[in-house]
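J.: I'd like to ask you about the structure that follows.
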Amino acid sequence: MLMQPSRHTKKLPVLIVLHQERSSPGRVGQMLIDKGFPLDIRRPVLGDLLPSTLAGHAGAVVFGGPMSANDPDPFIKTEIDWIGVPLKENKPYLGICLGAQMMVRHLGGTVAPDKDGLTEIGWYPLRSTEHGRLLMHWPKMVYHFHREGFELPHGAQLLAQGDTYPNQAIRYGDHAWGLQFHAELTRAMMQRWVVHGEHRFIMPNAQKGREHLEGRMIFDAPLKEWLWNFLGTVFEGKSAAKEAAAADARREPAFQGG
């Protein structure tokens, strides 16, 4: 399925890979369209094929899902193998949660639960590394919905860390990125996740549904702004640090002499 921006664009489409029939690219999709990128949406779990080359695409985003990167389903193995296409062609690749874990598996790394069975379901702190700070400003709190994490694969840079699952954002080469957290949720998406995921709120370290929605009111605005700048870095080659600094300058009141 191809979604076009409302205005004419010469930009190539971004390949969007989703893992459920009703899944949405959320804010990532909205922001990419706002930046002028058409969206080529495919669902391999429902039989959609992935392209053998990204020559006709600006890059790819592989989203999350309820399955594991360790599952034996044929489409999981096919997707993990397919990630070699953007990596070999040096095309922008963004993996979110499951999509990041698949990239790690492709690179030979391990995806596994916390040794004590702890989850991250709700809002948790994020800390940038030195590499991450040089690239961009990062939000202090981010939203999670997972019970597995990934190790840092050989050759990847760690950009941001968390407490329970230490590897939260990574970069491999110049154009491949992986995020363990979710910045793409609209309010409607979070409402659905809270309703349909309620049975997981009893898991160790998970937050209750009320905390998910209350946290959104406090932490979502900086996360949304970060996502806009981050997507500019991934798909437009823009400096997120410079974008964020410019946004800060726009918010500061002009000096009034006197």
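We name chains A, B, ... following the order of the structure tokens; residues begin at 1 in each chain, and ligands are numbered from 1 as shown.
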Counting only C-alpha atoms, which residues in stretch 70-174 of chain A sit no more than 12 Å from stretch 191-201 of chain A? For each one, give the nearest pair of atoms and the distance in Å, sorted by chain then residue number, as a Markdown table.

T.:
| residue | atom | partner | partner_atom | distance |
| --- | --- | --- | --- | --- |
| A:Leu118 | CA | A:Phe201 | CA | 11.6 |
| A:Thr119 | CA | A:Arg200 | CA | 9.3 |
| A:Glu120 | CA | A:Phe201 | CA | 10.0 |
| A:Ile121 | CA | A:Phe201 | CA | 7.3 |
| A:Gly122 | CA | A:Phe201 | CA | 9.0 |
| A:Tyr143 | CA | A:Trp193 | CA | 11.7 |
| A:His144 | CA | A:Trp193 | CA | 10.9 |
| A:Phe145 | CA | A:Trp193 | CA | 8.8 |
| A:His146 | CA | A:Arg200 | CA | 9.7 |
| A:Arg147 | CA | A:Arg200 | CA | 9.7 |

J.: Any idea what's packed within 9 Å of A:Leu87, counting only C-alpha atoms, ignoring anything in its chain fewer than 2 positions away? Could you give it as a count of residues only?

T.: 12

J.: Set the distance at 12 Å and use only C-alpha atoms: which residues neighbour A:Glu214 once local chain neighbours fewer than 4 positions away are removed? I'd like the list as an MDAnalysis selection string.

T.: chainID A and resid 122:123 143 187 190:191 194 207:210 218:220

J.: Return the single residue from A:Leu152, A:Ile41, A:Leu135, A:Ala221 that is closest to A:Gly178, with distances computed using only C-alpha atoms.

T.: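 The shortest atom-to-atom distance to A:Gly178 comes from A:Leu152.
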
J.: Using only C-alpha atoms, which residues of stretch 73-151 of chain A come within 12 Å of stretch 14-24 of chain A, and what is the closest atom pair for each, with the distance in Å to one decimal? Give it as a Markdown table, sorted by chain and residue number.

T.:
| residue | atom | partner | partner_atom | distance |
| --- | --- | --- | --- | --- |
| A:Phe75 | CA | A:His19 | CA | 9.9 |
| A:Ile76 | CA | A:His19 | CA | 9.9 |
| A:Glu79 | CA | A:Val17 | CA | 9.4 |
| A:Trp82 | CA | A:Val17 | CA | 11.5 |
| A:Ile83 | CA | A:Val17 | CA | 11.3 |
| A:Pro86 | CA | A:Leu15 | CA | 10.6 |
| A:Lys91 | CA | A:Val14 | CA | 10.5 |
| A:Pro92 | CA | A:Val14 | CA | 9.2 |
| A:Tyr93 | CA | A:Leu15 | CA | 9.4 |
| A:Leu94 | CA | A:Ile16 | CA | 9.8 |
| A:Gly95 | CA | A:Val17 | CA | 9.6 |
| A:Ile96 | CA | A:Val17 | CA | 10.4 |
| A:Cys97 | CA | A:His19 | CA | 11.8 |
| A:Leu98 | CA | A:His19 | CA | 9.4 |
| A:Gly99 | CA | A:Val17 | CA | 8.7 |

J.: Using the selection just defined, write its residues with N, CA and C atoms as a PDB file, in the first residue's frame.

T.:
ATOM      1  N   PHE A  75       8.586 -16.016   8.420  1.00  0.00           N
ATOM      2  CA  PHE A  75       8.670 -14.595   8.068  1.00  0.00           C
ATOM      3  C   PHE A  75       9.673 -13.856   8.954  1.00  0.00           C
ATOM      4  N   ILE A  76       9.858 -14.332  10.194  1.00  0.00           N
ATOM      5  CA  ILE A  76      10.858 -13.714  11.078  1.00  0.00           C
ATOM      6  C   ILE A  76      12.255 -13.908  10.493  1.00  0.00           C
ATOM      7  N   GLU A  79      12.711 -11.773   7.362  1.00  0.00           N
ATOM      8  CA  GLU A  79      12.955 -10.352   7.655  1.00  0.00           C
ATOM      9  C   GLU A  79      14.368 -10.123   8.172  1.00  0.00           C
ATOM     10  N   TRP A  82      16.628 -10.274   5.354  1.00  0.00           N
ATOM     11  CA  TRP A  82      16.412  -9.169   4.429  1.00  0.00           C
ATOM     12  C   TRP A  82      17.120  -7.892   4.875  1.00  0.00           C
ATOM     13  N   ILE A  83      17.344  -7.725   6.170  1.00  0.00           N
ATOM     14  CA  ILE A  83      17.986  -6.501   6.668  1.00  0.00           C
ATOM     15  C   ILE A  83      19.366  -6.306   6.044  1.00  0.00           C
ATOM     16  N   PRO A  86      19.323  -3.209   3.130  1.00  0.00           N
ATOM     17  CA  PRO A  86      19.702  -1.823   3.430  1.00  0.00           C
ATOM     18  C   PRO A  86      21.128  -1.689   3.946  1.00  0.00           C
ATOM     19  N   LYS A  91      21.666   2.115   2.764  1.00  0.00           N
ATOM     20  CA  LYS A  91      20.434   2.884   2.776  1.00  0.00           C
ATOM     21  C   LYS A  91      19.988   3.106   4.220  1.00  0.00           C
ATOM     22  N   PRO A  92      19.313   4.230   4.507  1.00  0.00           N
ATOM     23  CA  PRO A  92      18.815   4.446   5.866  1.00  0.00           C
ATOM     24  C   PRO A  92      17.914   3.297   6.328  1.00  0.00           C
ATOM     25  N   TYR A  93      18.198   2.796   7.514  1.00  0.00           N
ATOM     26  CA  TYR A  93      17.400   1.747   8.140  1.00  0.00           C
ATOM     27  C   TYR A  93      17.119   2.157   9.578  1.00  0.00           C
ATOM     28  N   LEU A  94      15.856   2.083   9.973  1.00  0.00           N
ATOM     29  CA  LEU A  94      15.471   2.348  11.356  1.00  0.00           C
ATOM     30  C   LEU A  94      14.673   1.158  11.871  1.00  0.00           C
ATOM     31  N   GLY A  95      15.183   0.517  12.906  1.00  0.00           N
ATOM     32  CA  GLY A  95      14.468  -0.575  13.560  1.00  0.00           C
ATOM     33  C   GLY A  95      13.945  -0.110  14.906  1.00  0.00           C
ATOM     34  N   ILE A  96      12.653  -0.318  15.139  1.00  0.00           N
ATOM     35  CA  ILE A  96      12.020   0.087  16.388  1.00  0.00           C
ATOM     36  C   ILE A  96      11.592  -1.156  17.147  1.00  0.00           C
ATOM     37  N   CYS A  97      12.122  -1.338  18.345  1.00  0.00           N
ATOM     38  CA  CYS A  97      11.821  -2.473  19.224  1.00  0.00           C
ATOM     39  C   CYS A  97      12.133  -3.781  18.487  1.00  0.00           C
ATOM     40  N   LEU A  98      11.131  -4.517  18.023  1.00  0.00           N
ATOM     41  CA  LEU A  98      11.375  -5.759  17.284  1.00  0.00           C
ATOM     42  C   LEU A  98      12.286  -5.504  16.075  1.00  0.00           C
ATOM     43  N   GLY A  99      12.073  -4.376  15.381  1.00  0.00           N
ATOM     44  CA  GLY A  99      12.908  -4.063  14.221  1.00  0.00           C
ATOM     45  C   GLY A  99      14.363  -3.869  14.582  1.00  0.00           C
TER      46      GLY A  99
END

J.: Enumerate the residues of stretch 61-238 of chain A with a DSSP assignment of strand (DSSP E or B), computed from the backbone, and present them as a PyMOL selection string.

T.: chain A and resi 61-62+93-96+111-112+120-125+127-128+141-146+149-150+156-161+167-172+176-179+182

J.: Among stretch 107-147 of chain A, which ones does DSSP assign to helix (DSSP H, G or I) (computed from the backbone)? Answer as a ChimeraX atom specification.

T.: /A:130-135

J.: Can you tell me, as a list in words, what residues are no more than 10 Å from A:Ala100 when counting only C-alpha atoms, ignoring any on the same chain fewer than 2 positions away?

T.: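 So, after excluding close chain neighbours, the residues are Val61, Val62, Phe63, Gly64, Ala69, Tyr93, Leu94, Gly95, Ile96, Cys97, Leu98, Met102, Met103, Val104, Arg105, His106, Val111, Gly149, Phe150, Gln168, Ala169, Ile170, Ala176, Trp177, Gly178, Leu179, Gln180 and Phe181 of chain A.
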
J.: Generate a file of the selected residues that holds N, CA, C and O atoms, formatted as a CSV table (one decimal), in the first residue's frame.

T.:
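Result written to out_24.csv:
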chain,number,residue,atom,x,y,z
A,61,VAL,N,11.8,1.5,7.5
A,61,VAL,CA,11.6,1.4,9.0
A,61,VAL,C,10.9,0.1,9.2
A,61,VAL,O,9.8,-0.2,8.6
A,62,VAL,N,11.4,-0.7,10.1
A,62,VAL,CA,10.8,-1.9,10.6
A,62,VAL,C,10.4,-1.7,12.0
A,62,VAL,O,11.1,-1.4,12.9
A,63,PHE,N,9.1,-1.9,12.2
A,63,PHE,CA,8.4,-1.6,13.5
A,63,PHE,C,8.4,-2.8,14.4
A,63,PHE,O,9.0,-3.8,14.1
A,64,GLY,N,7.7,-2.6,15.6
A,64,GLY,CA,7.6,-3.6,16.6
A,64,GLY,C,6.5,-4.6,16.3
A,64,GLY,O,5.8,-4.5,15.3
A,69,ALA,N,12.1,-11.8,18.0
A,69,ALA,CA,13.1,-12.0,17.0
A,69,ALA,C,13.7,-13.4,17.1
A,69,ALA,O,14.4,-13.8,16.1
A,93,TYR,N,18.2,2.8,7.5
A,93,TYR,CA,17.4,1.7,8.1
A,93,TYR,C,17.1,2.2,9.6
A,93,TYR,O,18.0,2.5,10.3
A,94,LEU,N,15.9,2.1,10.0
A,94,LEU,CA,15.5,2.3,11.4
A,94,LEU,C,14.7,1.2,11.9
A,94,LEU,O,13.6,0.8,11.3
A,95,GLY,N,15.2,0.5,12.9
A,95,GLY,CA,14.5,-0.6,13.6
A,95,GLY,C,13.9,-0.1,14.9
A,95,GLY,O,14.7,0.4,15.7
A,96,ILE,N,12.7,-0.3,15.1
A,96,ILE,CA,12.0,0.1,16.4
A,96,ILE,C,11.6,-1.2,17.1
A,96,ILE,O,10.8,-2.0,16.6
A,97,CYS,N,12.1,-1.3,18.3
A,97,CYS,CA,11.8,-2.5,19.2
A,97,CYS,C,12.1,-3.8,18.5
A,97,CYS,O,13.3,-4.1,18.3
A,98,LEU,N,11.1,-4.5,18.0
A,98,LEU,CA,11.4,-5.8,17.3
A,98,LEU,C,12.3,-5.5,16.1
A,98,LEU,O,13.2,-6.3,15.8
A,102,MET,N,15.7,-7.4,15.4
A,102,MET,CA,16.0,-8.2,14.2
A,102,MET,C,17.3,-7.7,13.6
A,102,MET,O,18.1,-8.6,13.1
A,103,MET,N,17.6,-6.4,13.6
A,103,MET,CA,18.9,-6.0,13.1
A,103,MET,C,20.0,-6.6,13.9
A,103,MET,O,21.1,-7.0,13.4
A,104,VAL,N,19.9,-6.6,15.2
A,104,VAL,CA,20.9,-7.2,16.1
A,104,VAL,C,21.1,-8.6,15.8
A,104,VAL,O,22.3,-9.1,15.7
A,105,ARG,N,20.0,-9.4,15.6
A,105,ARG,CA,20.1,-10.8,15.2
A,105,ARG,C,20.9,-10.9,13.9
A,105,ARG,O,21.7,-11.8,13.7
A,106,HIS,N,20.5,-10.1,12.9
A,106,HIS,CA,21.2,-10.1,11.6
A,106,HIS,C,22.7,-9.9,11.7
A,106,HIS,O,23.5,-10.5,11.0
A,111,VAL,N,19.4,-11.6,21.3
A,111,VAL,CA,18.2,-11.0,21.9
A,111,VAL,C,17.6,-11.9,22.9
A,111,VAL,O,17.4,-13.1,22.7
A,149,GLY,N,15.4,-7.7,25.4
A,149,GLY,CA,16.3,-6.6,24.9
A,149,GLY,C,17.4,-7.2,24.1
A,149,GLY,O,17.5,-8.4,23.8
A,150,PHE,N,18.3,-6.3,23.6
A,150,PHE,CA,19.4,-6.8,22.7
A,150,PHE,C,20.7,-6.4,23.2
A,150,PHE,O,20.9,-5.4,23.9
A,168,GLN,N,19.7,0.9,24.6
A,168,GLN,CA,18.4,1.5,24.2
A,168,GLN,C,18.4,2.1,22.8
A,168,GLN,O,17.4,2.2,22.2
A,169,ALA,N,19.6,2.6,22.4
A,169,ALA,CA,19.7,3.1,21.0
A,169,ALA,C,21.0,2.8,20.5
A,169,ALA,O,22.0,3.1,21.2
A,170,ILE,N,21.1,2.3,19.3
A,170,ILE,CA,22.4,2.0,18.7
A,170,ILE,C,22.5,2.5,17.2
A,170,ILE,O,21.4,2.8,16.6
A,176,ALA,N,22.3,2.9,9.7
A,176,ALA,CA,21.4,2.0,10.3
A,176,ALA,C,21.3,2.3,11.8
A,176,ALA,O,22.3,2.5,12.5
A,177,TRP,N,20.1,2.3,12.3
A,177,TRP,CA,19.8,2.8,13.6
A,177,TRP,C,18.8,1.8,14.3
A,177,TRP,O,17.9,1.2,13.6
A,178,GLY,N,18.9,1.6,15.6
A,178,GLY,CA,18.0,0.7,16.3
A,178,GLY,C,17.6,1.4,17.6
A,178,GLY,O,18.4,1.9,18.3
A,179,LEU,N,16.3,1.4,17.9
A,179,LEU,CA,15.7,1.9,19.1
A,179,LEU,C,15.0,0.8,19.9
A,179,LEU,O,14.1,0.1,19.3
A,180,GLN,N,15.2,0.7,21.2
A,180,GLN,CA,14.4,-0.3,22.0
A,180,GLN,C,13.1,0.3,22.4
A,180,GLN,O,12.2,-0.4,22.7
A,181,PHE,N,13.0,1.6,22.4
A,181,PHE,CA,11.8,2.3,22.9
A,181,PHE,C,10.9,2.8,21.8
A,181,PHE,O,11.3,2.7,20.6

J.: Go through A:Gly109, A:Gly117, A:Gly65, A:Gly232 one by one, measure the shortest atom-to-atom distance of each to A:Phe37 using only C-alpha atoms, and give the residue with the smallest value.

T.: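 Between A:Gly109, A:Gly117, A:Gly65, A:Gly232, the residue approaching A:Phe37 most closely is A:Gly232.
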
J.: Could you tell me how far atom CA of A:Glu225 lies from atom CA of A:Ala183, in Å and to one decimal?

T.: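 Answer for the atom CA of A:Glu225 to atom CA of A:Ala183 separation: 9.7 Å.
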
J.: Mind pulling up the distance from atom CA of A:Leu159 to atom CA of A:Thr129?

T.: 5.2 Å

J.: Calculated over only C-alpha atoms, which of the candidates A:Gly162, A:Pro222, A:Gln101, A:Val234 has the smallest distance to A:Ala60?

T.: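 That would be A:Val234, the residue with the smallest distance to A:Ala60.
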
J.: Do you know which residues are at most 12 Å from A:Arg127 counting only C-alpha atoms, after dropping those on the same chain fewer than 4 positions away, and could you put them as number ranges by chain?

T.: A: 131-133, 137-142, 158-163, 165-169

J.: Restricted to N, CA, C and O atoms, what would the selected residues look like written as a PDB file, in the first residue's frame?

T.:
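Output saved as again15.pdb:
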ATOM      1  N   HIS A 131      28.844   9.172  22.607  1.00  0.00           N
ATOM      2  CA  HIS A 131      28.543   9.123  21.167  1.00  0.00           C
ATOM      3  C   HIS A 131      27.181   9.756  20.899  1.00  0.00           C
ATOM      4  O   HIS A 131      27.011  10.529  19.952  1.00  0.00           O
ATOM      5  N   GLY A 132      26.196   9.397  21.732  1.00  0.00           N
ATOM      6  CA  GLY A 132      24.851   9.919  21.528  1.00  0.00           C
ATOM      7  C   GLY A 132      24.775  11.421  21.713  1.00  0.00           C
ATOM      8  O   GLY A 132      24.107  12.114  20.933  1.00  0.00           O
ATOM      9  N   ARG A 133      25.463  11.940  22.718  1.00  0.00           N
ATOM     10  CA  ARG A 133      25.430  13.385  22.990  1.00  0.00           C
ATOM     11  C   ARG A 133      26.015  14.181  21.836  1.00  0.00           C
ATOM     12  O   ARG A 133      25.583  15.295  21.555  1.00  0.00           O
ATOM     13  N   HIS A 137      20.407  15.907  21.007  1.00  0.00           N
ATOM     14  CA  HIS A 137      19.808  15.924  22.336  1.00  0.00           C
ATOM     15  C   HIS A 137      18.826  14.763  22.435  1.00  0.00           C
ATOM     16  O   HIS A 137      18.122  14.453  21.466  1.00  0.00           O
ATOM     17  N   TRP A 138      18.753  14.147  23.609  1.00  0.00           N
ATOM     18  CA  TRP A 138      17.879  12.982  23.796  1.00  0.00           C
ATOM     19  C   TRP A 138      16.824  13.283  24.852  1.00  0.00           C
ATOM     20  O   TRP A 138      17.076  14.035  25.796  1.00  0.00           O
ATOM     21  N   PRO A 139      15.647  12.687  24.744  1.00  0.00           N
ATOM     22  CA  PRO A 139      14.634  12.856  25.798  1.00  0.00           C
ATOM     23  C   PRO A 139      15.078  12.140  27.069  1.00  0.00           C
ATOM     24  O   PRO A 139      15.827  11.160  27.009  1.00  0.00           O
ATOM     25  N   LYS A 140      14.613  12.628  28.199  1.00  0.00           N
ATOM     26  CA  LYS A 140      15.012  12.030  29.474  1.00  0.00           C
ATOM     27  C   LYS A 140      14.149  10.830  29.860  1.00  0.00           C
ATOM     28  O   LYS A 140      14.569   9.981  30.642  1.00  0.00           O
ATOM     29  N   MET A 141      12.925  10.771  29.323  1.00  0.00           N
ATOM     30  CA  MET A 141      12.021   9.640  29.588  1.00  0.00           C
ATOM     31  C   MET A 141      11.441   9.166  28.262  1.00  0.00           C
ATOM     32  O   MET A 141      11.058   9.986  27.415  1.00  0.00           O
ATOM     33  N   VAL A 142      11.359   7.839  28.107  1.00  0.00           N
ATOM     34  CA  VAL A 142      10.831   7.274  26.862  1.00  0.00           C
ATOM     35  C   VAL A 142       9.864   6.140  27.188  1.00  0.00           C
ATOM     36  O   VAL A 142       9.868   5.589  28.293  1.00  0.00           O
ATOM     37  N   LEU A 158      26.873   2.397  20.835  1.00  0.00           N
ATOM     38  CA  LEU A 158      25.780   2.602  21.781  1.00  0.00           C
ATOM     39  C   LEU A 158      25.540   4.099  21.947  1.00  0.00           C
ATOM     40  O   LEU A 158      26.453   4.847  22.277  1.00  0.00           O
ATOM     41  N   LEU A 159      24.304   4.528  21.693  1.00  0.00           N
ATOM     42  CA  LEU A 159      23.968   5.955  21.736  1.00  0.00           C
ATOM     43  C   LEU A 159      23.201   6.351  22.987  1.00  0.00           C
ATOM     44  O   LEU A 159      23.292   7.495  23.431  1.00  0.00           O
ATOM     45  N   ALA A 160      22.400   5.427  23.534  1.00  0.00           N
ATOM     46  CA  ALA A 160      21.597   5.750  24.722  1.00  0.00           C
ATOM     47  C   ALA A 160      21.391   4.487  25.540  1.00  0.00           C
ATOM     48  O   ALA A 160      21.312   3.382  24.999  1.00  0.00           O
ATOM     49  N   GLN A 161      21.295   4.685  26.866  1.00  0.00           N
ATOM     50  CA  GLN A 161      21.230   3.572  27.809  1.00  0.00           C
ATOM     51  C   GLN A 161      20.004   3.695  28.708  1.00  0.00           C
ATOM     52  O   GLN A 161      19.461   4.784  28.900  1.00  0.00           O
ATOM     53  N   GLY A 162      19.600   2.551  29.278  1.00  0.00           N
ATOM     54  CA  GLY A 162      18.547   2.514  30.270  1.00  0.00           C
ATOM     55  C   GLY A 162      19.008   1.738  31.484  1.00  0.00           C
ATOM     56  O   GLY A 162      20.146   1.249  31.533  1.00  0.00           O
ATOM     57  N   ASP A 163      18.119   1.603  32.457  1.00  0.00           N
ATOM     58  CA  ASP A 163      18.481   0.929  33.705  1.00  0.00           C
ATOM     59  C   ASP A 163      18.316  -0.589  33.607  1.00  0.00           C
ATOM     60  O   ASP A 163      19.261  -1.340  33.837  1.00  0.00           O
ATOM     61  N   TYR A 165      17.222  -2.525  30.855  1.00  0.00           N
ATOM     62  CA  TYR A 165      17.828  -2.990  29.603  1.00  0.00           C
ATOM     63  C   TYR A 165      18.815  -1.916  29.161  1.00  0.00           C
ATOM     64  O   TYR A 165      18.414  -0.843  28.709  1.00  0.00           O
ATOM     65  N   PRO A 166      20.120  -2.169  29.307  1.00  0.00           N
ATOM     66  CA  PRO A 166      21.100  -1.098  29.136  1.00  0.00           C
ATOM     67  C   PRO A 166      21.208  -0.555  27.712  1.00  0.00           C
ATOM     68  O   PRO A 166      21.534   0.617  27.529  1.00  0.00           O
ATOM     69  N   ASN A 167      20.945  -1.371  26.705  1.00  0.00           N
ATOM     70  CA  ASN A 167      21.128  -0.931  25.321  1.00  0.00           C
ATOM     71  C   ASN A 167      19.797  -0.442  24.759  1.00  0.00           C
ATOM     72  O   ASN A 167      18.897  -1.229  24.458  1.00  0.00           O
ATOM     73  N   GLN A 168      19.669   0.871  24.618  1.00  0.00           N
ATOM     74  CA  GLN A 168      18.400   1.481  24.232  1.00  0.00           C
ATOM     75  C   GLN A 168      18.412   2.090  22.827  1.00  0.00           C
ATOM     76  O   GLN A 168      17.371   2.171  22.178  1.00  0.00           O
ATOM     77  N   ALA A 169      19.554   2.568  22.369  1.00  0.00           N
ATOM     78  CA  ALA A 169      19.654   3.129  21.022  1.00  0.00           C
ATOM     79  C   ALA A 169      21.043   2.846  20.496  1.00  0.00           C
ATOM     80  O   ALA A 169      22.038   3.065  21.191  1.00  0.00           O
TER      81      ALA A 169
END

J.: Of the candidates A:Met67, A:Met203, A:Met31, A:Leu213, which one gets nearest to A:Val45 if we count only C-alpha atoms?

T.: A:Met67
